[in-house]
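What follows is a set of notes on a single structure, which appears directly below.
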Amino acid sequence: MLYVNPIDARLSRTGEIAGGAPQREQIALQEMEHLFLYMLLQEMRKSTEILPDGTKGREQEMYNQMLNDALAGAMAESGQFGLAQQIETQLRAAESSRNTSAARDALEANGAQPTGTIGNVDKMLSNTARLPI
């Protein structure tokens, strides 16, 4: 029972997130971390159940879900778990790598030799491939 507040303060009246794309990305990453932590807490609670299955009432299950949701929300909002930050770092690195590859491919398609860091690394690799082992 993951709760999503439909009247979130981060949303404007039009349903768009105030602050633009970077703000939307941050909220999406935080929500992903919230969901992950919620599922983690649910599984952790299953492993520590004292009562056998079927003896808990629906009320107890709902209370546990609400507690897990509140704990996961607080943990995700604090950012101390670091999952959202790690995912953002990896996405930025992949985007940068993709942009670098596209630039190198465009240079090679035009017949130009890549220069700068990429060109130097390519030259070093091609020179070391000729050395006998």
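Labels used: A, B, ... for chains in the order of the structure tokens, numbers from 1 for residues in each chain, and numbers from 1 for ligands as shown.
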
**Study point:** 12 Å contact set for Leu35 in chain A, only C-alpha atoms, chain neighbours under 3 positions out, as a PyMOL selection string
**Key:** chain A and resi 1-4+28-32+38-42+68-77+83-84

Keeping C-alpha atoms, export the residues of the selection given above as a JSON list (two decimals), in the first residue's frame.
[["chain", "number", "residue", "atom", "x", "y", "z"],
["A", 1, "MET", "CA", 0.00, 0.00, 0.00],
["A", 2, "LEU", "CA", 2.36, 2.66, -1.23],
["A", 3, "TYR", "CA", 0.72, 6.05, -0.79],
["A", 4, "VAL", "CA", 1.16, 8.79, -3.35],
["A", 28, "ALA", "CA", 11.28, 10.74, -9.93],
["A", 29, "LEU", "CA", 14.57, 9.50, -8.47],
["A", 30, "GLN", "CA", 13.34, 10.15, -4.93],
["A", 31, "GLU", "CA", 10.10, 8.27, -5.67],
["A", 32, "MET", "CA", 12.11, 5.36, -7.08],
["A", 38, "TYR", "CA", 9.25, 0.32, 0.81],
["A", 39, "MET", "CA", 9.75, -3.06, -0.85],
["A", 40, "LEU", "CA", 12.91, -3.63, 1.19],
["A", 41, "LEU", "CA", 11.08, -2.93, 4.45],
["A", 42, "GLN", "CA", 8.19, -5.21, 3.42],
["A", 68, "ASN", "CA", 6.68, 0.79, 6.02],
["A", 69, "ASP", "CA", 5.48, 3.51, 3.63],
["A", 70, "ALA", "CA", 6.07, 6.25, 6.20],
["A", 71, "LEU", "CA", 9.52, 4.93, 7.07],
["A", 72, "ALA", "CA", 10.48, 4.52, 3.39],
["A", 73, "GLY", "CA", 9.24, 8.04, 2.62],
["A", 74, "ALA", "CA", 11.25, 9.56, 5.45],
["A", 75, "MET", "CA", 14.35, 7.61, 4.47],
["A", 76, "ALA", "CA", 14.03, 8.58, 0.79],
["A", 77, "GLU", "CA", 13.40, 12.22, 1.63],
["A", 83, "LEU", "CA", 20.19, 5.25, -4.02],
["A", 84, "ALA", "CA", 18.70, 8.22, -5.92]]

One decimal place gives the CA of Thr48 in chain A-CA of Met62 in chain A separation as 16.7 Å

Min atom-atom distance to Glu88 in chain A from the set A:Phe36, A:Ala106, A:Ser101, A:Gln26, counting only C-alpha atoms, belongs to A:Gln26

DSSP-assigned helix (DSSP H, G or I) members of range 15-103 of chain A, reported as a PDB file with C-alpha atoms, in the first residue's frame:
ATOM      1  CA  ALA A  21      13.059  19.021 -15.945  1.00  0.00           C
ATOM      2  CA  PRO A  22      15.803  18.843 -13.273  1.00  0.00           C
ATOM      3  CA  GLN A  23      13.179  19.079 -10.542  1.00  0.00           C
ATOM      4  CA  ARG A  24      11.091  16.361 -12.226  1.00  0.00           C
ATOM      5  CA  GLU A  25      14.149  14.113 -12.401  1.00  0.00           C
ATOM      6  CA  GLN A  26      14.924  14.639  -8.721  1.00  0.00           C
ATOM      7  CA  ILE A  27      11.342  13.848  -7.726  1.00  0.00           C
ATOM      8  CA  ALA A  28      11.276  10.740  -9.933  1.00  0.00           C
ATOM      9  CA  LEU A  29      14.566   9.503  -8.466  1.00  0.00           C
ATOM     10  CA  GLN A  30      13.338  10.147  -4.931  1.00  0.00           C
ATOM     11  CA  GLU A  31      10.100   8.271  -5.668  1.00  0.00           C
ATOM     12  CA  MET A  32      12.109   5.361  -7.077  1.00  0.00           C
ATOM     13  CA  GLU A  33      14.182   5.259  -3.914  1.00  0.00           C
ATOM     14  CA  HIS A  34      10.965   5.457  -1.870  1.00  0.00           C
ATOM     15  CA  LEU A  35       9.516   2.457  -3.733  1.00  0.00           C
ATOM     16  CA  PHE A  36      12.734   0.456  -3.359  1.00  0.00           C
ATOM     17  CA  LEU A  37      12.935   1.165   0.374  1.00  0.00           C
ATOM     18  CA  TYR A  38       9.249   0.318   0.813  1.00  0.00           C
ATOM     19  CA  MET A  39       9.750  -3.064  -0.852  1.00  0.00           C
ATOM     20  CA  LEU A  40      12.906  -3.632   1.186  1.00  0.00           C
ATOM     21  CA  LEU A  41      11.084  -2.930   4.446  1.00  0.00           C
ATOM     22  CA  GLN A  42       8.187  -5.205   3.419  1.00  0.00           C
ATOM     23  CA  GLU A  43      10.587  -8.092   2.775  1.00  0.00           C
ATOM     24  CA  MET A  44      12.486  -7.419   5.985  1.00  0.00           C
ATOM     25  CA  ARG A  45       9.250  -7.470   7.957  1.00  0.00           C
ATOM     26  CA  LYS A  46       8.268 -10.794   6.347  1.00  0.00           C
ATOM     27  CA  SER A  47      11.505 -12.368   7.549  1.00  0.00           C
ATOM     28  CA  ARG A  58      -6.145  -7.260   7.806  1.00  0.00           C
ATOM     29  CA  GLU A  59      -5.792  -4.342  10.191  1.00  0.00           C
ATOM     30  CA  GLN A  60      -2.324  -5.469  11.277  1.00  0.00           C
ATOM     31  CA  GLU A  61      -1.225  -5.892   7.655  1.00  0.00           C
ATOM     32  CA  MET A  62      -2.530  -2.437   6.738  1.00  0.00           C
ATOM     33  CA  TYR A  63      -0.803  -0.892   9.735  1.00  0.00           C
ATOM     34  CA  ASN A  64       2.484  -2.545   8.763  1.00  0.00           C
ATOM     35  CA  GLN A  65       2.139  -1.300   5.173  1.00  0.00           C
ATOM     36  CA  MET A  66       1.422   2.247   6.342  1.00  0.00           C
ATOM     37  CA  LEU A  67       4.374   2.094   8.742  1.00  0.00           C
ATOM     38  CA  ASN A  68       6.683   0.794   6.015  1.00  0.00           C
ATOM     39  CA  ASP A  69       5.476   3.506   3.631  1.00  0.00           C
ATOM     40  CA  ALA A  70       6.065   6.247   6.199  1.00  0.00           C
ATOM     41  CA  LEU A  71       9.524   4.927   7.065  1.00  0.00           C
ATOM     42  CA  ALA A  72      10.478   4.523   3.395  1.00  0.00           C
ATOM     43  CA  GLY A  73       9.237   8.041   2.620  1.00  0.00           C
ATOM     44  CA  ALA A  74      11.249   9.565   5.449  1.00  0.00           C
ATOM     45  CA  MET A  75      14.351   7.606   4.471  1.00  0.00           C
ATOM     46  CA  ALA A  76      14.035   8.578   0.790  1.00  0.00           C
ATOM     47  CA  GLU A  77      13.399  12.224   1.631  1.00  0.00           C
ATOM     48  CA  SER A  78      16.487  12.411   3.851  1.00  0.00           C
ATOM     49  CA  LEU A  83      20.189   5.253  -4.016  1.00  0.00           C
ATOM     50  CA  ALA A  84      18.700   8.218  -5.916  1.00  0.00           C
ATOM     51  CA  GLN A  85      22.055   9.982  -5.970  1.00  0.00           C
ATOM     52  CA  GLN A  86      23.847   6.848  -7.198  1.00  0.00           C
ATOM     53  CA  ILE A  87      21.302   6.297  -9.983  1.00  0.00           C
ATOM     54  CA  GLU A  88      21.601   9.946 -11.032  1.00  0.00           C
ATOM     55  CA  THR A  89      25.406   9.682 -11.141  1.00  0.00           C
ATOM     56  CA  GLN A  90      25.243   6.558 -13.293  1.00  0.00           C
ATOM     57  CA  LEU A  91      22.671   8.094 -15.641  1.00  0.00           C
ATOM     58  CA  ARG A  92      24.826  11.223 -16.072  1.00  0.00           C
ATOM     59  CA  ALA A  93      27.913   9.087 -16.785  1.00  0.00           C
ATOM     60  CA  ALA A  94      26.018   7.000 -19.354  1.00  0.00           C
ATOM     61  CA  GLU A  95      24.664  10.150 -21.001  1.00  0.00           C
ATOM     62  CA  SER A  96      28.137  11.680 -21.139  1.00  0.00           C
ATOM     63  CA  SER A  97      29.584   8.486 -22.609  1.00  0.00           C
ATOM     64  CA  ARG A  98      26.834   8.336 -25.209  1.00  0.00           C
ATOM     65  CA  ASN A  99      27.459  11.982 -26.181  1.00  0.00           C
ATOM     66  CA  THR A 100      31.219  11.332 -26.429  1.00  0.00           C
ATOM     67  CA  SER A 101      30.668   8.279 -28.640  1.00  0.00           C
ATOM     68  CA  ALA A 102      28.292  10.207 -30.883  1.00  0.00           C
ATOM     69  CA  ALA A 103      30.819  13.037 -31.267  1.00  0.00           C
TER      70      ALA A 103
END
